[in-house]
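What follows is the content of input36.csv, which has CSV, C-alpha atoms:
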```csv
chain,number,residue,atom,x,y,z
I,1,MET,CA,164.2,-0.3,69.3
I,2,LYS,CA,165.8,-2.2,66.3
I,3,PHE,CA,164.1,0.2,63.9
I,4,VAL,CA,165.7,3.2,65.6
I,5,ALA,CA,169.1,1.5,65.7
I,6,SER,CA,168.9,0.7,61.9
I,7,VAL,CA,167.8,4.2,61.1
I,8,TYR,CA,170.7,5.6,63.2
I,9,LEU,CA,173.2,3.2,61.5
I,10,THR,CA,171.9,4.2,58.0
I,11,LEU,CA,172.2,7.9,58.8
I,12,CYS,CA,175.7,7.4,60.1
I,13,LEU,CA,176.7,5.5,57.0
I,14,ALA,CA,175.2,8.1,54.7
I,15,SER,CA,176.9,11.0,56.4
I,16,SER,CA,180.2,9.1,56.4
I,17,PHE,CA,179.8,8.5,52.6
I,18,ILE,CA,179.0,12.2,52.0
I,19,MET,CA,182.0,13.3,54.1
I,20,MET,CA,184.2,10.9,52.2
I,21,MET,CA,183.0,12.2,48.8
I,22,ALA,CA,183.6,15.8,49.9
I,23,THR,CA,187.1,14.9,51.0
I,24,VAL,CA,187.8,13.2,47.7
I,25,GLN,CA,186.6,16.3,45.8
I,26,ARG,CA,188.8,18.6,47.9
I,27,ALA,CA,191.8,16.2,47.4
I,28,ARG,CA,191.2,16.3,43.6
I,29,LEU,CA,191.3,20.1,43.7
I,30,LEU,CA,194.4,20.0,45.9
I,31,PHE,CA,196.5,17.5,44.0
I,32,ALA,CA,195.3,17.6,40.4
I,33,THR,CA,196.6,20.1,37.9
I,34,ASN,CA,193.6,22.3,38.3
I,35,GLU,CA,194.4,25.4,36.2
I,36,TYR,CA,191.7,27.7,34.8
I,37,TYR,CA,192.6,30.0,31.9
I,38,VAL,CA,191.0,33.4,32.3
I,39,ARG,CA,191.0,35.8,29.4
I,40,VAL,CA,189.4,39.3,29.0
I,41,ILE,CA,189.1,40.5,25.4
I,42,ASN,CA,188.5,44.0,24.2
I,43,GLY,CA,185.5,43.4,22.0
I,44,PHE,CA,184.8,47.1,21.2
I,45,SER,CA,184.2,47.7,17.5
I,46,ASP,CA,185.8,51.2,17.5
I,47,ASN,CA,187.8,52.4,20.4
I,48,SER,CA,191.0,53.4,18.6
I,49,SER,CA,191.0,56.8,20.3
I,50,VAL,CA,190.2,55.6,23.8
I,51,PRO,CA,191.6,52.2,25.0
I,52,LEU,CA,189.8,49.9,27.3
I,53,VAL,CA,191.8,50.0,30.6
I,54,ILE,CA,191.8,46.9,32.8
I,55,TRP,CA,193.3,46.3,36.3
I,56,CYS,CA,193.0,42.9,38.0
I,57,ALA,CA,193.9,41.9,41.6
I,58,SER,CA,193.0,39.4,44.2
I,59,GLU,CA,194.0,38.9,47.9
I,60,GLU,CA,196.9,36.7,46.7
I,61,MET,CA,198.3,38.7,43.8
I,62,ASP,CA,198.0,41.9,41.8
I,63,LEU,CA,198.2,41.4,38.0
I,64,GLY,CA,198.5,45.1,37.4
I,65,GLY,CA,196.9,47.1,34.7
I,66,ARG,CA,196.8,47.2,30.9
I,67,ALA,CA,195.4,49.4,28.2
I,68,LEU,CA,193.7,47.2,25.6
I,69,GLN,CA,193.2,48.4,22.0
I,70,GLU,CA,190.6,46.7,19.8
I,71,HIS,CA,190.8,42.9,20.0
I,72,ASP,CA,193.7,43.0,22.5
I,73,ASP,CA,193.4,40.6,25.4
I,74,PHE,CA,194.7,40.1,28.9
I,75,SER,CA,195.0,36.6,30.2
I,76,TRP,CA,196.3,34.6,33.2
I,77,VAL,CA,196.0,31.3,35.0
I,78,MET,CA,194.0,30.7,38.2
I,79,ARG,CA,194.3,27.7,40.5
I,80,PRO,CA,191.4,27.3,43.0
I,81,ASN,CA,192.5,27.0,46.6
I,82,PHE,CA,191.4,24.1,48.9
I,83,TRP,CA,188.2,25.9,49.9
I,84,SER,CA,187.5,27.2,46.4
I,85,SER,CA,187.3,30.7,47.8
I,86,ASN,CA,189.8,32.6,45.7
I,87,ARG,CA,188.7,35.1,43.1
I,88,MET,CA,190.2,37.7,40.8
I,89,LYS,CA,188.4,41.1,40.6
I,90,CYS,CA,189.0,43.3,37.6
I,91,THR,CA,188.1,47.0,37.2
I,92,MET,CA,187.4,48.1,33.6
I,93,LYS,CA,187.6,51.7,32.5
I,94,TRP,CA,186.4,53.0,29.2
I,95,ASP,CA,186.3,56.8,28.6
I,96,ASN,CA,184.5,58.0,31.8
I,97,THR,CA,182.8,54.7,32.6
I,98,ARG,CA,184.1,52.2,35.3
I,99,LYS,CA,182.9,48.8,36.1
I,100,SER,CA,184.3,46.2,38.5
I,101,PHE,CA,183.5,42.5,38.2
I,102,GLU,CA,184.8,39.1,39.3
I,103,ALA,CA,186.6,37.7,36.3
I,104,PHE,CA,187.2,34.5,38.2
I,105,LYS,CA,185.4,33.2,41.3
I,106,ALA,CA,186.3,29.6,42.1
I,107,SER,CA,183.0,28.7,43.7
I,108,ARG,CA,181.2,29.9,40.6
I,109,ASP,CA,183.6,29.1,37.8
I,110,THR,CA,184.9,25.6,38.4
I,111,ASP,CA,181.8,24.2,36.7
I,112,ARG,CA,180.9,27.1,34.5
I,113,CYS,CA,184.3,27.2,32.7
I,114,GLY,CA,183.7,23.8,31.2
I,115,ILE,CA,185.9,20.8,30.6
I,116,HIS,CA,188.6,22.9,29.0
I,117,ARG,CA,188.7,25.2,32.0
I,118,MET,CA,188.4,28.3,29.8
I,119,CYS,CA,186.8,31.4,31.4
I,120,SER,CA,186.7,34.0,28.7
I,121,TRP,CA,185.1,37.5,28.9
I,122,MET,CA,184.5,39.8,26.0
I,123,VAL,CA,183.8,43.4,26.9
I,124,THR,CA,181.8,45.4,24.4
I,125,GLN,CA,180.0,48.8,24.3
I,126,ASP,CA,176.8,47.1,25.5
I,127,GLY,CA,178.1,44.8,28.2
I,128,PHE,CA,180.2,41.9,29.5
I,129,TYR,CA,179.9,38.5,27.8
I,130,PHE,CA,181.1,35.2,29.2
I,131,SER,CA,182.1,32.1,27.2
I,132,ASN,CA,183.8,28.8,28.1
I,133,ASP,CA,184.6,28.0,24.4
I,134,GLU,CA,185.0,31.5,22.8
I,135,VAL,CA,182.3,30.6,20.3
I,136,ASN,CA,179.1,30.9,22.3
I,137,TRP,CA,178.9,34.1,24.2
I,138,ARG,CA,176.3,35.0,26.9
I,139,LYS,CA,175.8,38.5,28.2
I,140,ASP,CA,176.3,38.5,32.0
I,141,PHE,CA,175.8,42.1,32.7
I,142,LEU,CA,175.8,45.7,31.5
I,143,TRP,CA,178.2,48.5,32.0
```

Go ahead and render the structure in this file as structure tokens.
Amino acid sequence: MKFVASVYLTLCLASSFIMMMATVQRARLLFATNEYYVRVINGFSDNSSVPLVIWCASEEMDLGGRALQEHDDFSWVMRPNFWSSNRMKCTMKWDNTRKSFEAFKASRDTDRCGIHRMCSWMVTQDGFYFSNDEVNWRKDFLW
């Protein structure tokens, strides 16, 4: 009986600790300056005749659309909500091709955007590249 009681007590303490750590993590997100800098860059090498059109919106806000010429960018700040459930979806249009993607998804990007909280995308002819330092780019997906 003492063994069962000690196992029960250990499980209760462990679950209390886990719940406390989750609460601390959420409080950090709630009260800290937790801004993420999102940037989408037109990385096309030659689209002077046809701009890259971008339109970004979320449930909370609509950033509107822009026509980006070569090397132009569109940037904004995101603040994850308490549940880390917010996201910003962008639709890109180049010539007759369209692609929608999540430029920011809190549950995915709070770690991925690195210590500088930089979430950068470069859109090129062959795909969409992500970087958290704008030096090292990784292809995430194709058009």

Polymer residues at most 10 Å from I:Val123, all atoms listed in the file, same-chain spacing of 6 or more positions, as a PyMOL selection string: chain I and resi 40-44+52+71+92+129-130+139+141-143

Among the residues I:Ser85, I:Ser131, I:Thr110, I:Ser100, the one that comes closest to I:Glu35 [using all atoms listed in the file]: I:Thr110

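Coordinates place atom CA of I:Asp140 at a distance of 5.7 Å from atom CA of I:Phe128.
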
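Counting only C-alpha atoms, the residue from I:Gly114, I:Met61, I:Val53, I:Trp137 that sits nearest to I:Thr91 is I:Val53.
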
Can you tell me which residues surround stretch 49-51 of chain I at a distance of at most 10 Å, considering all atoms listed in the file, apart from same-chain residues fewer than 2 positions away, and format the answer as an mmCIF file with C-alpha atoms, in the coordinates of the input?
```cif
data_model
loop_
_atom_site.group_PDB
_atom_site.id
_atom_site.type_symbol
_atom_site.label_atom_id
_atom_site.label_comp_id
_atom_site.auth_asym_id
_atom_site.auth_seq_id
_atom_site.Cartn_x
_atom_site.Cartn_y
_atom_site.Cartn_z
ATOM 1 C CA ASN I 42 188.500 44.000 24.200
ATOM 2 C CA PHE I 44 184.800 47.100 21.200
ATOM 3 C CA ASP I 46 185.800 51.200 17.500
ATOM 4 C CA ASN I 47 187.800 52.400 20.400
ATOM 5 C CA VAL I 53 191.800 50.000 30.600
ATOM 6 C CA ILE I 54 191.800 46.900 32.800
ATOM 7 C CA ARG I 66 196.800 47.200 30.900
ATOM 8 C CA ALA I 67 195.400 49.400 28.200
ATOM 9 C CA LEU I 68 193.700 47.200 25.600
ATOM 10 C CA GLN I 69 193.200 48.400 22.000
ATOM 11 C CA GLU I 70 190.600 46.700 19.800
ATOM 12 C CA ASP I 72 193.700 43.000 22.500
ATOM 13 C CA LYS I 93 187.600 51.700 32.500
ATOM 14 C CA TRP I 94 186.400 53.000 29.200
ATOM 15 C CA ASP I 95 186.300 56.800 28.600
#
```

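For the pair atom CA of I:Asp73 and atom CA of I:Trp121, the interatomic distance is 9.5 Å.
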
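Among the candidate residues I:Asn136, I:Ser120, I:Gln125, I:Asn86, the one lying nearest to I:Val38 is I:Ser120, with distances computed using all atoms listed in the file.
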
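Counting from atom CA of I:Val77, the distance to atom CA of I:Tyr37 is 4.8 Å.
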
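In terms of minimum interatomic distance to I:Phe74, I:Arg39 ranks closest within I:Arg98, I:Arg117, I:Lys89, I:Arg39, counting only C-alpha atoms.
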
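The shortest atom-to-atom distance to I:Trp76, with all atoms listed in the file taken into account, belongs to I:Cys119 out of I:Cys119, I:Glu59, I:Ala106, I:Asp111.
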
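Of the residues under consideration (I:Gly64, I:Met122, I:Pro80, I:Phe101), I:Met122 shows the shortest atom-to-atom contact distance to I:Arg138 when counting all atoms listed in the file.
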
Would you list the contacts of I:Ala57 as a PyMOL selection string, taking every protein, DNA or RNA residue within 10 Å and counting all atoms listed in the file, but skipping same-chain residues closer than 6 positions in sequence? chain I and resi 63-65+87-91+102-103

Take stretch 43-68 of chain I, model N, CA, C and O atoms, and hand the result over as a PDB file, keeping the file's coordinate frame.
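See part15.pdb below for the written result:
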```
ATOM      1  N   GLY I  43     186.340  43.710  23.082  1.00  0.00           N
ATOM      2  CA  GLY I  43     185.500  43.400  22.000  1.00  0.00           C
ATOM      3  C   GLY I  43     184.820  44.674  21.367  1.00  0.00           C
ATOM      4  O   GLY I  43     183.852  44.573  20.608  1.00  0.00           O
ATOM      5  N   PHE I  44     185.350  45.838  21.707  1.00  0.00           N
ATOM      6  CA  PHE I  44     184.800  47.100  21.200  1.00  0.00           C
ATOM      7  C   PHE I  44     185.021  47.111  19.656  1.00  0.00           C
ATOM      8  O   PHE I  44     186.066  46.681  19.163  1.00  0.00           O
ATOM      9  N   SER I  45     184.040  47.671  18.943  1.00  0.00           N
ATOM     10  CA  SER I  45     184.200  47.700  17.500  1.00  0.00           C
ATOM     11  C   SER I  45     184.996  48.955  17.058  1.00  0.00           C
ATOM     12  O   SER I  45     185.630  48.926  16.014  1.00  0.00           O
ATOM     13  N   ASP I  46     184.987  50.017  17.859  1.00  0.00           N
ATOM     14  CA  ASP I  46     185.800  51.200  17.500  1.00  0.00           C
ATOM     15  C   ASP I  46     186.159  51.964  18.762  1.00  0.00           C
ATOM     16  O   ASP I  46     185.404  52.798  19.242  1.00  0.00           O
ATOM     17  N   ASN I  47     187.315  51.639  19.302  1.00  0.00           N
ATOM     18  CA  ASN I  47     187.800  52.400  20.400  1.00  0.00           C
ATOM     19  C   ASN I  47     189.271  52.782  20.222  1.00  0.00           C
ATOM     20  O   ASN I  47     190.060  52.809  21.130  1.00  0.00           O
ATOM     21  N   SER I  48     189.584  53.075  18.970  1.00  0.00           N
ATOM     22  CA  SER I  48     191.000  53.400  18.600  1.00  0.00           C
ATOM     23  C   SER I  48     191.478  54.646  19.337  1.00  0.00           C
ATOM     24  O   SER I  48     192.662  54.765  19.614  1.00  0.00           O
ATOM     25  N   SER I  49     190.575  55.558  19.654  1.00  0.00           N
ATOM     26  CA  SER I  49     191.000  56.800  20.300  1.00  0.00           C
ATOM     27  C   SER I  49     191.064  56.648  21.823  1.00  0.00           C
ATOM     28  O   SER I  49     191.824  57.333  22.484  1.00  0.00           O
ATOM     29  N   VAL I  50     190.236  55.775  22.385  1.00  0.00           N
ATOM     30  CA  VAL I  50     190.200  55.600  23.800  1.00  0.00           C
ATOM     31  C   VAL I  50     190.333  54.085  24.130  1.00  0.00           C
ATOM     32  O   VAL I  50     189.431  53.305  23.846  1.00  0.00           O
ATOM     33  N   PRO I  51     191.462  53.661  24.684  1.00  0.00           N
ATOM     34  CA  PRO I  51     191.600  52.200  25.000  1.00  0.00           C
ATOM     35  C   PRO I  51     190.766  51.787  26.138  1.00  0.00           C
ATOM     36  O   PRO I  51     190.321  52.596  26.949  1.00  0.00           O
ATOM     37  N   LEU I  52     190.532  50.508  26.211  1.00  0.00           N
ATOM     38  CA  LEU I  52     189.800  49.900  27.300  1.00  0.00           C
ATOM     39  C   LEU I  52     190.922  49.585  28.375  1.00  0.00           C
ATOM     40  O   LEU I  52     191.871  48.855  28.089  1.00  0.00           O
ATOM     41  N   VAL I  53     190.810  50.163  29.557  1.00  0.00           N
ATOM     42  CA  VAL I  53     191.800  50.000  30.600  1.00  0.00           C
ATOM     43  C   VAL I  53     191.307  48.913  31.566  1.00  0.00           C
ATOM     44  O   VAL I  53     190.151  48.950  31.991  1.00  0.00           O
ATOM     45  N   ILE I  54     192.182  47.962  31.909  1.00  0.00           N
ATOM     46  CA  ILE I  54     191.800  46.900  32.800  1.00  0.00           C
ATOM     47  C   ILE I  54     192.869  46.793  33.924  1.00  0.00           C
ATOM     48  O   ILE I  54     194.066  46.939  33.663  1.00  0.00           O
ATOM     49  N   TRP I  55     192.403  46.557  35.149  1.00  0.00           N
ATOM     50  CA  TRP I  55     193.300  46.300  36.300  1.00  0.00           C
ATOM     51  C   TRP I  55     192.715  45.181  37.079  1.00  0.00           C
ATOM     52  O   TRP I  55     191.555  45.217  37.473  1.00  0.00           O
ATOM     53  N   CYS I  56     193.524  44.139  37.310  1.00  0.00           N
ATOM     54  CA  CYS I  56     193.000  42.900  38.000  1.00  0.00           C
ATOM     55  C   CYS I  56     193.894  42.641  39.227  1.00  0.00           C
ATOM     56  O   CYS I  56     195.122  42.715  39.173  1.00  0.00           O
ATOM     57  N   ALA I  57     193.214  42.280  40.317  1.00  0.00           N
ATOM     58  CA  ALA I  57     193.900  41.900  41.600  1.00  0.00           C
ATOM     59  C   ALA I  57     193.045  41.014  42.401  1.00  0.00           C
ATOM     60  O   ALA I  57     191.829  40.981  42.261  1.00  0.00           O
ATOM     61  N   SER I  58     193.722  40.265  43.256  1.00  0.00           N
ATOM     62  CA  SER I  58     193.000  39.400  44.200  1.00  0.00           C
ATOM     63  C   SER I  58     193.748  39.593  45.561  1.00  0.00           C
ATOM     64  O   SER I  58     194.694  40.369  45.672  1.00  0.00           O
ATOM     65  N   GLU I  59     193.315  38.842  46.568  1.00  0.00           N
ATOM     66  CA  GLU I  59     194.000  38.900  47.900  1.00  0.00           C
ATOM     67  C   GLU I  59     195.402  38.316  47.756  1.00  0.00           C
ATOM     68  O   GLU I  59     196.302  38.708  48.484  1.00  0.00           O
ATOM     69  N   GLU I  60     195.594  37.362  46.831  1.00  0.00           N
ATOM     70  CA  GLU I  60     196.900  36.700  46.700  1.00  0.00           C
ATOM     71  C   GLU I  60     197.868  37.403  45.782  1.00  0.00           C
ATOM     72  O   GLU I  60     199.070  37.294  45.948  1.00  0.00           O
ATOM     73  N   MET I  61     197.345  38.093  44.740  1.00  0.00           N
ATOM     74  CA  MET I  61     198.300  38.700  43.800  1.00  0.00           C
ATOM     75  C   MET I  61     197.608  39.896  43.082  1.00  0.00           C
ATOM     76  O   MET I  61     196.400  40.017  43.024  1.00  0.00           O
ATOM     77  N   ASP I  62     198.476  40.748  42.545  1.00  0.00           N
ATOM     78  CA  ASP I  62     198.000  41.900  41.800  1.00  0.00           C
ATOM     79  C   ASP I  62     198.627  41.759  40.389  1.00  0.00           C
ATOM     80  O   ASP I  62     199.852  41.751  40.211  1.00  0.00           O
ATOM     81  N   LEU I  63     197.757  41.607  39.400  1.00  0.00           N
ATOM     82  CA  LEU I  63     198.200  41.400  38.000  1.00  0.00           C
ATOM     83  C   LEU I  63     198.575  42.737  37.343  1.00  0.00           C
ATOM     84  O   LEU I  63     199.151  42.743  36.266  1.00  0.00           O
ATOM     85  N   GLY I  64     198.194  43.830  37.957  1.00  0.00           N
ATOM     86  CA  GLY I  64     198.500  45.100  37.400  1.00  0.00           C
ATOM     87  C   GLY I  64     197.483  45.540  36.333  1.00  0.00           C
ATOM     88  O   GLY I  64     196.431  44.929  36.177  1.00  0.00           O
ATOM     89  N   GLY I  65     197.803  46.583  35.626  1.00  0.00           N
ATOM     90  CA  GLY I  65     196.900  47.100  34.700  1.00  0.00           C
ATOM     91  C   GLY I  65     197.416  47.078  33.236  1.00  0.00           C
ATOM     92  O   GLY I  65     198.616  46.929  33.013  1.00  0.00           O
ATOM     93  N   ARG I  66     196.497  47.180  32.299  1.00  0.00           N
ATOM     94  CA  ARG I  66     196.800  47.200  30.900  1.00  0.00           C
ATOM     95  C   ARG I  66     195.868  48.101  30.153  1.00  0.00           C
ATOM     96  O   ARG I  66     194.736  48.280  30.569  1.00  0.00           O
ATOM     97  N   ALA I  67     196.311  48.647  29.058  1.00  0.00           N
ATOM     98  CA  ALA I  67     195.400  49.400  28.200  1.00  0.00           C
ATOM     99  C   ALA I  67     195.246  48.538  26.917  1.00  0.00           C
ATOM    100  O   ALA I  67     196.207  48.236  26.201  1.00  0.00           O
ATOM    101  N   LEU I  68     194.029  48.111  26.687  1.00  0.00           N
ATOM    102  CA  LEU I  68     193.700  47.200  25.600  1.00  0.00           C
ATOM    103  C   LEU I  68     193.128  47.936  24.400  1.00  0.00           C
ATOM    104  O   LEU I  68     192.095  48.591  24.533  1.00  0.00           O
TER     105      LEU I  68
END
```
